[in-house]
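Coordinates as given in run14.tsv (TSV, C-alpha atoms):
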chain	number	residue	atom	x	y	z
A	342	MET	CA	35.42	124.80	101.51
A	343	ALA	CA	38.64	126.05	99.92
A	344	LEU	CA	39.31	127.93	103.17
A	345	LEU	CA	38.93	124.73	105.21
A	346	PHE	CA	41.23	122.87	102.85
A	347	TRP	CA	43.80	125.67	102.92
A	348	ALA	CA	43.76	126.04	106.73
A	349	PHE	CA	44.40	122.33	107.22
A	350	PHE	CA	46.84	122.16	104.32
A	351	ARG	CA	49.05	124.57	106.29
A	352	VAL	CA	48.64	122.45	109.43
A	353	GLY	CA	49.67	119.35	107.48
A	354	LEU	CA	52.56	121.10	105.78
A	355	PHE	CA	54.20	122.42	108.95
A	356	GLY	CA	53.11	119.87	111.55
A	357	PHE	CA	56.40	118.11	112.21
A	358	GLY	CA	56.23	115.26	114.71
A	359	GLY	CA	52.54	114.43	114.44
A	360	GLY	CA	50.00	114.16	117.26
A	361	TYR	CA	50.42	116.79	119.93
A	362	ALA	CA	53.03	118.62	117.87
A	363	MET	CA	50.24	119.63	115.49
A	364	ILE	CA	47.94	121.00	118.17
A	365	PRO	CA	49.57	124.46	118.43
A	366	LEU	CA	49.24	124.86	114.64
A	367	ILE	CA	45.58	123.82	114.62
A	368	GLN	CA	44.93	126.16	117.53
A	369	ARG	CA	46.46	129.13	115.70
A	370	GLU	CA	44.58	128.42	112.45
A	371	ILE	CA	41.20	127.52	113.91
A	372	VAL	CA	40.91	129.44	117.18
A	373	GLU	CA	42.97	132.57	116.62
A	374	LEU	CA	42.99	133.14	112.87
A	375	ARG	CA	39.52	131.97	111.82
A	376	GLY	CA	37.60	131.97	115.10
A	377	TRP	CA	35.79	128.75	114.18
A	378	LEU	CA	36.09	127.48	117.78
A	379	ASP	CA	36.85	129.22	121.07
A	380	ILE	CA	39.68	127.92	123.23
A	381	THR	CA	37.33	125.90	125.48
A	382	GLU	CA	35.68	124.20	122.51
A	383	PHE	CA	39.15	123.54	121.16
A	384	ALA	CA	40.17	121.75	124.38
A	385	ASP	CA	37.01	119.62	124.11
A	386	LEU	CA	38.02	118.78	120.56
A	387	VAL	CA	41.53	117.72	121.64
A	388	ALA	CA	39.95	115.39	124.22
A	389	ILE	CA	37.54	113.95	121.64
A	390	ALA	CA	40.34	113.48	119.09
A	391	GLU	CA	42.41	111.64	121.70
A	392	MET	CA	39.53	109.42	122.83
A	393	THR	CA	38.50	108.34	119.32
A	394	PRO	CA	40.54	106.00	117.11
A	395	GLY	CA	42.85	107.38	114.44
A	396	PRO	CA	45.50	110.11	114.09
A	397	ILE	CA	44.72	113.16	116.27
A	398	ALA	CA	45.22	115.70	113.48
A	399	VAL	CA	42.94	113.79	111.09
A	400	ASN	CA	40.30	113.49	113.81
A	401	ALA	CA	40.51	117.21	114.56
A	402	ALA	CA	40.27	118.10	110.86
A	403	THR	CA	37.22	115.91	110.31
A	404	PHE	CA	35.47	117.31	113.40
A	405	ILE	CA	36.06	120.96	112.53
A	406	GLY	CA	35.28	120.36	108.86
A	407	TYR	CA	32.00	118.66	109.75
A	408	GLN	CA	31.09	121.39	112.21
A	409	GLN	CA	31.67	124.09	109.57
A	410	MET	CA	30.20	122.49	106.45
A	411	GLY	CA	28.94	118.95	107.12
A	412	ILE	CA	30.34	115.98	105.21
A	413	VAL	CA	31.82	118.14	102.43
A	414	GLY	CA	33.70	120.17	105.03
A	415	ALA	CA	34.91	117.02	106.79
A	416	VAL	CA	36.29	115.63	103.53
A	417	SER	CA	38.01	118.85	102.45
A	418	ALA	CA	39.60	119.51	105.88
A	419	THR	CA	40.89	115.93	106.07
A	420	ALA	CA	42.20	116.12	102.51
A	421	GLY	CA	43.99	119.32	103.53
A	422	VAL	CA	45.89	117.52	106.30
A	423	ILE	CA	46.86	114.45	104.32
A	424	VAL	CA	47.71	115.89	100.87
A	425	PRO	CA	50.95	117.61	102.01
A	426	ALA	CA	51.86	114.52	104.06
A	427	LEU	CA	51.28	112.30	101.04
A	428	LEU	CA	53.29	114.44	98.61
A	429	ILE	CA	56.22	115.13	100.93
A	430	MET	CA	56.43	111.48	101.98
A	431	LEU	CA	56.57	110.37	98.34
A	432	VAL	CA	59.48	112.74	97.70
A	433	LEU	CA	61.24	111.87	100.97
A	434	SER	CA	60.92	108.14	100.52
A	435	TYR	CA	62.41	108.51	97.04
A	436	VAL	CA	65.34	110.50	98.42
A	437	PHE	CA	65.69	108.10	101.34
A	438	THR	CA	65.76	104.91	99.27
A	439	ARG	CA	68.38	106.53	97.02
A	440	TYR	CA	70.70	108.07	99.56
A	441	ARG	CA	69.65	106.25	102.77
A	442	CYS	CA	69.68	109.50	104.71
A	443	VAL	CA	68.70	113.12	104.42
A	444	PRO	CA	71.48	115.06	106.23
A	445	MET	CA	70.27	118.62	105.62
A	446	LEU	CA	66.79	117.72	106.77
A	447	HIS	CA	68.24	115.86	109.74
A	448	ASN	CA	70.11	118.96	110.94
A	449	GLY	CA	67.06	121.12	110.41
A	450	LEU	CA	64.95	118.76	112.50
A	451	LEU	CA	67.41	119.11	115.37
A	452	GLY	CA	66.11	122.68	115.55
A	453	VAL	CA	62.48	122.03	114.65
A	454	ARG	CA	61.87	119.61	117.52
A	455	PRO	CA	62.89	121.94	120.39
A	456	ALA	CA	60.75	124.63	118.74
A	457	VAL	CA	57.80	122.21	118.74
A	458	VAL	CA	58.33	121.56	122.48
A	459	ALA	CA	58.09	125.31	123.12
A	460	LEU	CA	54.93	125.57	120.98
A	461	ILE	CA	53.23	122.77	122.94
A	462	ILE	CA	54.09	124.60	126.19
A	463	THR	CA	52.55	127.77	124.74
A	464	ALA	CA	49.39	125.86	123.84
A	465	ALA	CA	49.19	124.47	127.39
A	466	LEU	CA	49.59	127.99	128.79
A	467	ALA	CA	46.92	129.41	126.46
A	468	MET	CA	44.48	126.71	127.57
A	469	SER	CA	45.28	126.95	131.25
A	470	ARG	CA	44.15	130.58	131.48
A	471	PRO	CA	40.42	129.93	130.94
A	472	MET	CA	40.42	126.29	132.01
A	473	ILE	CA	42.36	126.25	135.26
A	474	ALA	CA	40.23	128.78	137.06
A	475	SER	CA	39.07	127.14	140.29
A	476	THR	CA	40.52	124.90	143.01
A	477	LYS	CA	38.57	122.01	141.49
A	478	ASP	CA	40.36	122.54	138.16
A	479	VAL	CA	43.77	122.60	139.86
A	480	PHE	CA	42.85	119.38	141.69
A	481	VAL	CA	41.92	117.57	138.45
A	482	LEU	CA	45.07	118.89	136.73
A	483	ALA	CA	47.30	117.67	139.59
A	484	VAL	CA	45.72	114.21	139.75
A	485	VAL	CA	45.98	113.70	135.97
A	486	LEU	CA	49.60	114.94	135.95
A	487	PHE	CA	50.39	112.46	138.72
A	488	GLY	CA	48.72	109.70	136.73
A	489	LEU	CA	50.68	110.55	133.58
A	490	PHE	CA	54.10	110.96	135.17
A	491	LYS	CA	54.08	108.50	138.05
A	492	THR	CA	51.69	105.69	137.21
A	493	LYS	CA	51.99	105.72	133.39
A	494	THR	CA	48.23	105.23	133.10
A	495	HIS	CA	46.91	105.42	129.53
A	496	PRO	CA	45.80	108.98	128.64
A	497	ILE	CA	42.37	107.82	127.49
A	498	ILE	CA	41.65	106.21	130.86
A	499	LEU	CA	42.74	109.42	132.59
A	500	LEU	CA	40.53	111.55	130.33
A	501	CYS	CA	37.54	109.34	131.13
A	502	LEU	CA	38.31	109.43	134.88
A	503	ALA	CA	38.65	113.23	134.71
A	504	GLY	CA	35.32	113.42	132.89
A	505	PHE	CA	33.52	111.29	135.47
A	506	SER	CA	35.05	113.22	138.35
A	507	GLY	CA	33.84	116.32	136.50
A	508	LEU	CA	30.33	114.87	136.63
A	509	LEU	CA	30.68	114.52	140.40
A	510	ILE	CA	32.40	117.77	141.34
A	511	TYR	CA	30.96	120.26	138.85
A	512	SER	CA	27.32	119.22	138.77
A	513	MET	CA	26.92	119.62	142.54
A	514	PRO	CA	26.68	123.21	143.72
B	566	MET	CA	56.11	89.11	82.55
B	567	ASP	CA	52.66	87.60	82.77
B	568	GLN	CA	50.41	90.63	82.85
B	569	THR	CA	47.18	88.91	83.81
B	570	LEU	CA	48.79	87.17	86.71
B	571	SER	CA	50.53	90.28	88.02
B	572	GLN	CA	47.36	92.36	87.69
B	573	HIS	CA	45.38	89.74	89.53
B	574	ARG	CA	47.94	89.54	92.32
B	575	GLN	CA	48.13	93.31	92.59
B	576	LYS	CA	44.37	93.67	92.86
B	577	ALA	CA	44.17	91.11	95.63
B	578	SER	CA	46.97	92.67	97.65
B	579	LYS	CA	45.68	96.21	97.18
B	580	THR	CA	42.47	95.14	98.88
B	581	LEU	CA	44.45	93.44	101.61
B	582	LEU	CA	46.67	96.50	102.08
B	583	PHE	CA	43.58	98.72	102.31
B	584	LEU	CA	41.90	96.41	104.82
B	585	THR	CA	45.06	96.17	106.91
B	586	PHE	CA	45.38	99.94	107.21
B	587	LEU	CA	41.64	100.25	107.75
B	588	LYS	CA	42.11	98.03	110.78
B	589	ILE	CA	45.10	100.09	111.93
B	590	GLY	CA	43.08	103.30	111.59
B	591	ALA	CA	40.05	101.86	113.33
B	592	PHE	CA	41.72	100.24	116.32
B	593	THR	CA	44.44	102.61	117.46
B	594	LEU	CA	43.36	105.10	120.06
B	595	GLY	CA	45.53	108.11	120.76
B	596	GLY	CA	47.15	108.55	117.36
B	597	GLY	CA	50.81	109.05	116.51
B	598	PHE	CA	53.23	106.83	118.38
B	599	ALA	CA	50.41	104.83	119.93
B	600	MET	CA	49.74	103.44	116.45
B	601	LEU	CA	53.25	102.14	115.81
B	602	PRO	CA	53.06	98.80	117.74
B	603	LEU	CA	49.89	97.79	115.88
B	604	ILE	CA	51.36	98.85	112.52
B	605	ARG	CA	54.45	96.76	113.27
B	606	ARG	CA	52.38	93.73	114.26
B	607	GLU	CA	50.29	93.94	111.10
B	608	LEU	CA	53.02	94.70	108.55
B	609	VAL	CA	56.04	92.91	109.98
B	610	THR	CA	54.83	90.05	112.15
B	611	ARG	CA	51.54	89.13	110.54
B	612	ARG	CA	51.86	89.92	106.82
B	613	ASN	CA	55.63	89.84	106.47
B	614	TRP	CA	55.50	92.76	104.01
B	615	LEU	CA	58.44	94.52	105.68
B	616	CYS	CA	61.36	93.30	107.78
B	617	ASP	CA	62.09	94.93	111.15
B	618	GLU	CA	64.89	97.03	109.72
B	619	GLU	CA	62.67	98.38	106.93
B	620	PHE	CA	60.02	99.18	109.52
B	621	LEU	CA	62.55	101.28	111.46
B	622	ASP	CA	63.38	103.13	108.22
B	623	VAL	CA	59.68	103.78	107.67
B	624	ILE	CA	59.30	105.26	111.15
B	625	GLY	CA	62.46	107.34	110.77
B	626	VAL	CA	61.28	108.94	107.54
B	627	ALA	CA	57.70	109.29	108.83
B	628	GLN	CA	58.93	111.32	111.78
B	629	CYS	CA	61.09	113.59	109.64
B	630	SER	CA	58.21	114.48	107.39
B	631	PRO	CA	55.47	116.94	108.39
B	632	GLY	CA	51.96	115.57	108.85
B	633	PRO	CA	50.34	112.93	111.06
B	634	VAL	CA	52.88	110.16	111.81
B	635	ALA	CA	50.33	107.41	111.13
B	636	VAL	CA	49.49	108.85	107.70
B	637	ASN	CA	53.19	109.23	106.85
B	638	THR	CA	53.85	105.66	107.94
B	639	ALA	CA	50.97	104.44	105.79
B	640	VAL	CA	52.29	106.32	102.74
B	641	PHE	CA	55.83	104.97	103.04
B	642	ALA	CA	54.82	101.41	103.99
B	643	GLY	CA	52.22	101.32	101.19
B	644	LEU	CA	54.83	102.56	98.75
B	645	LYS	CA	57.31	99.89	99.81
B	646	VAL	CA	54.75	97.10	99.54
B	647	LEU	CA	52.92	98.04	96.34
B	648	GLY	CA	54.30	101.25	94.85
B	649	TYR	CA	52.19	104.41	94.29
B	650	PRO	CA	48.79	102.68	94.30
B	651	GLY	CA	49.84	101.04	97.57
B	652	ALA	CA	50.64	104.43	99.12
B	653	LEU	CA	47.21	105.70	98.11
B	654	VAL	CA	45.12	102.78	99.40
B	655	ALA	CA	47.10	102.59	102.66
B	656	THR	CA	46.48	106.31	103.29
B	657	LEU	CA	42.77	106.02	102.52
B	658	GLY	CA	42.52	102.99	104.80
B	659	THR	CA	44.15	104.90	107.67
B	660	VAL	CA	41.93	107.99	107.50
B	661	LEU	CA	38.57	106.43	106.60
B	662	PRO	CA	37.71	105.17	110.13
B	663	SER	CA	38.62	108.60	111.56
B	664	MET	CA	36.41	110.39	109.08
B	665	VAL	CA	33.39	108.19	109.71
B	666	THR	CA	33.76	108.18	113.51
B	667	LEU	CA	34.44	111.89	113.87
B	668	SER	CA	31.62	112.92	111.54
B	669	ILE	CA	29.21	110.96	113.72
B	670	VAL	CA	30.74	112.33	116.94
B	671	ALA	CA	30.65	115.89	115.58
B	672	ALA	CA	26.99	115.53	114.56
B	673	CYS	CA	26.05	114.23	118.02
B	674	PHE	CA	28.30	116.52	120.05
B	675	LEU	CA	27.04	119.70	118.40
B	676	ASN	CA	23.47	118.81	119.29
B	677	PHE	CA	24.07	117.53	122.80
B	678	ARG	CA	26.81	119.67	124.28
B	679	GLN	CA	24.30	121.77	126.22
B	680	VAL	CA	23.06	118.73	128.14
B	681	TRP	CA	24.14	119.20	131.77
B	682	TRP	CA	26.01	115.93	132.25
B	683	ILE	CA	27.97	116.28	129.03
B	684	ASP	CA	28.85	119.82	130.03
B	685	SER	CA	30.08	118.66	133.48
B	686	PHE	CA	31.98	115.77	131.92
B	687	PHE	CA	33.89	118.14	129.65
B	688	ARG	CA	34.54	120.60	132.48
B	689	GLY	CA	36.42	117.75	134.15
B	690	VAL	CA	38.15	116.78	130.92
B	691	ARG	CA	39.54	120.26	130.14
B	692	PRO	CA	42.13	120.46	132.97
B	693	ALA	CA	43.14	116.91	131.96
B	694	VAL	CA	43.83	118.13	128.41
B	695	VAL	CA	46.18	120.76	129.84
B	696	ALA	CA	47.92	117.95	131.76
B	697	LEU	CA	48.23	115.89	128.56
B	698	LEU	CA	49.92	118.82	126.79
B	699	VAL	CA	52.32	119.35	129.72
B	700	HIS	CA	53.20	115.65	129.64
B	701	ALA	CA	53.64	115.67	125.84
B	702	ALA	CA	55.97	118.68	126.07
B	703	TYR	CA	57.96	117.02	128.84
B	704	SER	CA	58.39	113.63	127.19
B	705	LEU	CA	59.23	115.15	123.79
B	706	GLY	CA	61.50	117.69	125.45
B	707	SER	CA	63.46	115.11	127.40
B	708	ARG	CA	64.17	113.29	124.14
B	709	VAL	CA	65.12	116.23	121.93
B	710	ILE	CA	66.71	118.78	124.26
B	711	LYS	CA	70.20	117.38	124.59
B	712	ASP	CA	72.63	120.27	124.25
B	713	ARG	CA	72.94	124.03	124.56
B	714	LEU	CA	71.78	124.61	120.98
B	715	SER	CA	68.49	122.73	121.37
B	716	LEU	CA	67.89	124.31	124.78
B	717	SER	CA	68.40	127.83	123.43
B	718	ILE	CA	66.14	127.14	120.44
B	719	MET	CA	63.45	125.90	122.84
B	720	LEU	CA	63.76	128.92	125.15
B	721	GLY	CA	63.97	131.37	122.24
B	722	THR	CA	60.87	129.89	120.61
B	723	LEU	CA	59.01	129.96	123.92
B	724	ALA	CA	59.86	133.64	124.46
B	725	LEU	CA	58.86	134.66	120.92
B	726	SER	CA	55.68	132.65	121.04
B	727	VAL	CA	54.48	133.75	124.51
B	728	LEU	CA	55.65	137.37	124.45
B	729	LEU	CA	55.45	138.37	120.79
B	730	HIS	CA	52.82	135.84	119.70
B	731	THR	CA	54.88	134.93	116.62
B	732	HIS	CA	53.19	132.53	114.19
B	733	PRO	CA	54.05	128.85	114.91
B	734	VAL	CA	54.98	128.19	111.26
B	735	MET	CA	57.50	131.02	111.44
B	736	LEU	CA	58.95	129.62	114.66
B	737	ILE	CA	59.21	126.08	113.27
B	738	LEU	CA	61.06	127.38	110.21
B	739	LEU	CA	63.27	129.61	112.37
B	740	GLY	CA	64.20	126.67	114.62
B	741	GLY	CA	65.05	124.45	111.66
B	742	LEU	CA	67.01	127.18	109.92
B	743	SER	CA	69.09	128.11	112.96
B	744	ALA	CA	70.02	124.46	113.63
B	745	SER	CA	70.97	123.93	109.95
B	746	LEU	CA	73.10	127.09	109.94
B	747	PHE	CA	74.74	126.18	113.23
B	748	HIS	CA	75.66	122.71	111.98
B	749	ALA	CA	76.84	124.02	108.60
B	750	TYR	CA	79.07	126.52	110.45
B	751	GLY	CA	80.35	123.75	112.72
B	752	THR	CA	81.17	121.49	109.76
B	753	ALA	CA	82.94	124.33	107.92
B	754	HIS	CA	85.10	125.02	110.97
B	755	ALA	CA	85.89	121.35	111.46
B	756	GLY	CA	87.76	121.66	108.16
B	757	ARG	CA	85.58	119.47	106.01
B	758	SER	CA	85.34	120.64	102.41
B	759	ASP	CA	81.81	119.37	101.77
B	760	GLY	CA	79.31	121.85	103.21
Let me see whether you can do it: turn the structure in this file into structure tokens.
Amino acid sequence: MALLFWAFFRVGLFGFGGGYAMIPLIQREIVELRGWLDITEFADLVAIAEMTPGPIAVNAATFIGYQQMGIVGAVSATAGVIVPALLIMLVLSYVFTRYRCVPMLHNGLLGVRPAVVALIITAALAMSRPMIASTKDVFVLAVVLFGLFKTKTHPIILLCLAGFSGLLIYSMP
Amino acid sequence: MDQTLSQHRQKASKTLLFLTFLKIGAFTLGGGFAMLPLIRRELVTRRNWLCDEEFLDVIGVAQCSPGPVAVNTAVFAGLKVLGYPGALVATLGTVLPSMVTLSIVAACFLNFRQVWWIDSFFRGVRPAVVALLVHAAYSLGSRVIKDRLSLSIMLGTLALSVLLHTHPVMLILLGGLSASLFHAYGTAHAGRSDG
């Protein structure tokens, strides 16, 4: 339980940018460091976290916590993500209301954000090795990419469409 | 100050603050930035707890801070509306729907993932997740990679992370540190006395 809390505490503490920016951190903690999920299960979790309401990192924490230890695990993993956010925000909002801006932090973030972009690319690469294995996978990837970039369709609709096309193309031999 | 009156008012608005963020947590799919329009509608338009300018401040600080953007927004907005207790109830309201939904989903998913149609569904979903990450990297990248410094930090991080498998926390700190140092150096050379 302490391990769950600690793993997600680190995710919460270093996950700048929220949402997808936190996925590489969760992947390192959960898939590579602890081995609680394999990379395929992790991709399923990302899809589930996106398709359910609420912040993606909180959803992921609850899911993994529940899978490891039931309700107690869900609560401790979620607490791990939000405690650092809560504490740091209290400090930051105090600094912000006093000085209106946080220049040192601002400069630091100019470097953190490009690093986060690179980490998301790494996560995509790590997932594409086992998951983009056949022509069918490449086809689904291309169609969803087209949908995201060209038609601006909502990601959840695209995930559902991809799932239903999966039902059609993978369940037939 | 009339204590009874203020306590009464505080109790009523704490409940309202909790319910408002419960609604925000329960009805925003996709997390992060997808939650901001609903948060704005609830806090600024509907309840009038914050003005538009304050809301922009909230988002600015929420994005600078580590952690889920929606949780950060809840903390800061709650704090502005009702002080520390406000921050606490707003945070609880935001995460409670997630915790309930995902516990149920986890319980079901773990039992049913071997069923053939769920398995096929997720085989279709997986390449789509890769596409979502590519899109997230592109849209974030086009916003934050503006000059040579940010481009080199991005490429350097990518190389370290793919080739040497350096820990993401290390890379995040390294990126932040190199940008801070670069800007401090730039300011020093511009002749300003304050570092």
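Of the listed residues A:Thr494, A:Gln368, A:Thr393, A:Thr476, the one whose atoms come nearest to chain B is A:Thr393, with distances taken using only C-alpha atoms.
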Task: Interatomic distance, CA of Gly411 (chain A) to CA of Asp684 (chain B) (Å, one decimal) - done: 22.9 Å
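Environment of (54.8, 109.6, 134.1): residues at most 12 Å away, judged by only C-alpha atoms, are Val484, Val485, Leu486, Phe487, Gly488, Leu489, Phe490, Lys491, Thr492, Lys493, Thr494, His495 and Pro496 of chain A; Ala696, Leu697, Val699, His700, Ala701, Tyr703 and Ser704 of chain B.
Minimum distance to chain A across B:Thr610, B:Thr666, B:Gln679, B:Ser578 (counting only C-alpha atoms) occurs at B:Thr666.
Among the candidate residues B:Phe586, B:Ala627, B:Thr722, B:Gly740, the one lying nearest to Val654 (chain B) is B:Phe586, with distances computed using only C-alpha atoms.
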Where atoms are missing, can you supply N, CA and C atoms for region 596-620 of chain B and output the lot as a PDB file, keeping the file's coordinate frame?
ATOM      1  N   GLY B 596      46.403 108.019 118.502  1.00  0.00           N
ATOM      2  CA  GLY B 596      47.150 108.550 117.360  1.00  0.00           C
ATOM      3  C   GLY B 596      48.656 108.483 117.528  1.00  0.00           C
ATOM      4  N   GLY B 597      49.357 108.922 116.492  1.00  0.00           N
ATOM      5  CA  GLY B 597      50.810 109.050 116.510  1.00  0.00           C
ATOM      6  C   GLY B 597      51.538 107.787 116.938  1.00  0.00           C
ATOM      7  N   PHE B 598      52.368 107.927 117.969  1.00  0.00           N
ATOM      8  CA  PHE B 598      53.230 106.830 118.380  1.00  0.00           C
ATOM      9  C   PHE B 598      52.439 105.651 118.927  1.00  0.00           C
ATOM     10  N   ALA B 599      51.234 105.912 119.414  1.00  0.00           N
ATOM     11  CA  ALA B 599      50.410 104.830 119.930  1.00  0.00           C
ATOM     12  C   ALA B 599      50.061 103.844 118.824  1.00  0.00           C
ATOM     13  N   MET B 600      50.136 104.306 117.553  1.00  0.00           N
ATOM     14  CA  MET B 600      49.740 103.440 116.450  1.00  0.00           C
ATOM     15  C   MET B 600      50.875 102.531 115.998  1.00  0.00           C
ATOM     16  N   LEU B 601      52.114 102.865 116.366  1.00  0.00           N
ATOM     17  CA  LEU B 601      53.250 102.140 115.810  1.00  0.00           C
ATOM     18  C   LEU B 601      53.304 100.646 116.164  1.00  0.00           C
ATOM     19  N   PRO B 602      53.023 100.245 117.438  1.00  0.00           N
ATOM     20  CA  PRO B 602      53.060  98.800 117.740  1.00  0.00           C
ATOM     21  C   PRO B 602      52.089  97.994 116.883  1.00  0.00           C
ATOM     22  N   LEU B 603      50.874  98.517 116.692  1.00  0.00           N
ATOM     23  CA  LEU B 603      49.890  97.790 115.880  1.00  0.00           C
ATOM     24  C   LEU B 603      50.334  97.727 114.417  1.00  0.00           C
ATOM     25  N   ILE B 604      50.882  98.839 113.903  1.00  0.00           N
ATOM     26  CA  ILE B 604      51.360  98.850 112.520  1.00  0.00           C
ATOM     27  C   ILE B 604      52.462  97.809 112.357  1.00  0.00           C
ATOM     28  N   ARG B 605      53.364  97.738 113.337  1.00  0.00           N
ATOM     29  CA  ARG B 605      54.450  96.760 113.270  1.00  0.00           C
ATOM     30  C   ARG B 605      53.895  95.338 113.268  1.00  0.00           C
ATOM     31  N   ARG B 606      52.922  95.089 114.173  1.00  0.00           N
ATOM     32  CA  ARG B 606      52.380  93.730 114.260  1.00  0.00           C
ATOM     33  C   ARG B 606      51.727  93.326 112.943  1.00  0.00           C
ATOM     34  N   GLU B 607      50.987  94.275 112.337  1.00  0.00           N
ATOM     35  CA  GLU B 607      50.290  93.940 111.100  1.00  0.00           C
ATOM     36  C   GLU B 607      51.253  93.751 109.923  1.00  0.00           C
ATOM     37  N   LEU B 608      52.186  94.703 109.761  1.00  0.00           N
ATOM     38  CA  LEU B 608      53.020  94.700 108.550  1.00  0.00           C
ATOM     39  C   LEU B 608      54.213  93.767 108.649  1.00  0.00           C
ATOM     40  N   VAL B 609      54.818  93.698 109.840  1.00  0.00           N
ATOM     41  CA  VAL B 609      56.040  92.910 109.980  1.00  0.00           C
ATOM     42  C   VAL B 609      55.730  91.483 110.429  1.00  0.00           C
ATOM     43  N   THR B 610      55.063  91.370 111.567  1.00  0.00           N
ATOM     44  CA  THR B 610      54.830  90.050 112.150  1.00  0.00           C
ATOM     45  C   THR B 610      53.802  89.255 111.366  1.00  0.00           C
ATOM     46  N   ARG B 611      52.647  89.888 111.084  1.00  0.00           N
ATOM     47  CA  ARG B 611      51.540  89.130 110.540  1.00  0.00           C
ATOM     48  C   ARG B 611      51.665  88.924 109.031  1.00  0.00           C
ATOM     49  N   ARG B 612      51.885  90.021 108.282  1.00  0.00           N
ATOM     50  CA  ARG B 612      51.860  89.920 106.820  1.00  0.00           C
ATOM     51  C   ARG B 612      53.243  89.693 106.207  1.00  0.00           C
ATOM     52  N   ASN B 613      54.284  90.032 106.990  1.00  0.00           N
ATOM     53  CA  ASN B 613      55.630  89.840 106.470  1.00  0.00           C
ATOM     54  C   ASN B 613      55.921  90.698 105.227  1.00  0.00           C
ATOM     55  N   TRP B 614      55.283  91.869 105.157  1.00  0.00           N
ATOM     56  CA  TRP B 614      55.500  92.760 104.010  1.00  0.00           C
ATOM     57  C   TRP B 614      56.808  93.525 104.153  1.00  0.00           C
ATOM     58  N   LEU B 615      57.202  93.777 105.410  1.00  0.00           N
ATOM     59  CA  LEU B 615      58.440  94.520 105.680  1.00  0.00           C
ATOM     60  C   LEU B 615      59.238  93.728 106.713  1.00  0.00           C
ATOM     61  N   CYS B 616      60.579  93.878 106.682  1.00  0.00           N
ATOM     62  CA  CYS B 616      61.360  93.300 107.780  1.00  0.00           C
ATOM     63  C   CYS B 616      61.506  94.377 108.864  1.00  0.00           C
ATOM     64  N   ASP B 617      62.004  93.993 110.031  1.00  0.00           N
ATOM     65  CA  ASP B 617      62.090  94.930 111.150  1.00  0.00           C
ATOM     66  C   ASP B 617      62.937  96.153 110.814  1.00  0.00           C
ATOM     67  N   GLU B 618      64.012  95.916 110.061  1.00  0.00           N
ATOM     68  CA  GLU B 618      64.890  97.030 109.720  1.00  0.00           C
ATOM     69  C   GLU B 618      64.182  98.037 108.803  1.00  0.00           C
ATOM     70  N   GLU B 619      63.429  97.495 107.825  1.00  0.00           N
ATOM     71  CA  GLU B 619      62.670  98.380 106.930  1.00  0.00           C
ATOM     72  C   GLU B 619      61.632  99.171 107.720  1.00  0.00           C
ATOM     73  N   PHE B 620      61.035  98.503 108.713  1.00  0.00           N
ATOM     74  CA  PHE B 620      60.020  99.180 109.520  1.00  0.00           C
ATOM     75  C   PHE B 620      60.646 100.368 110.263  1.00  0.00           C
TER      76      PHE B 620
END
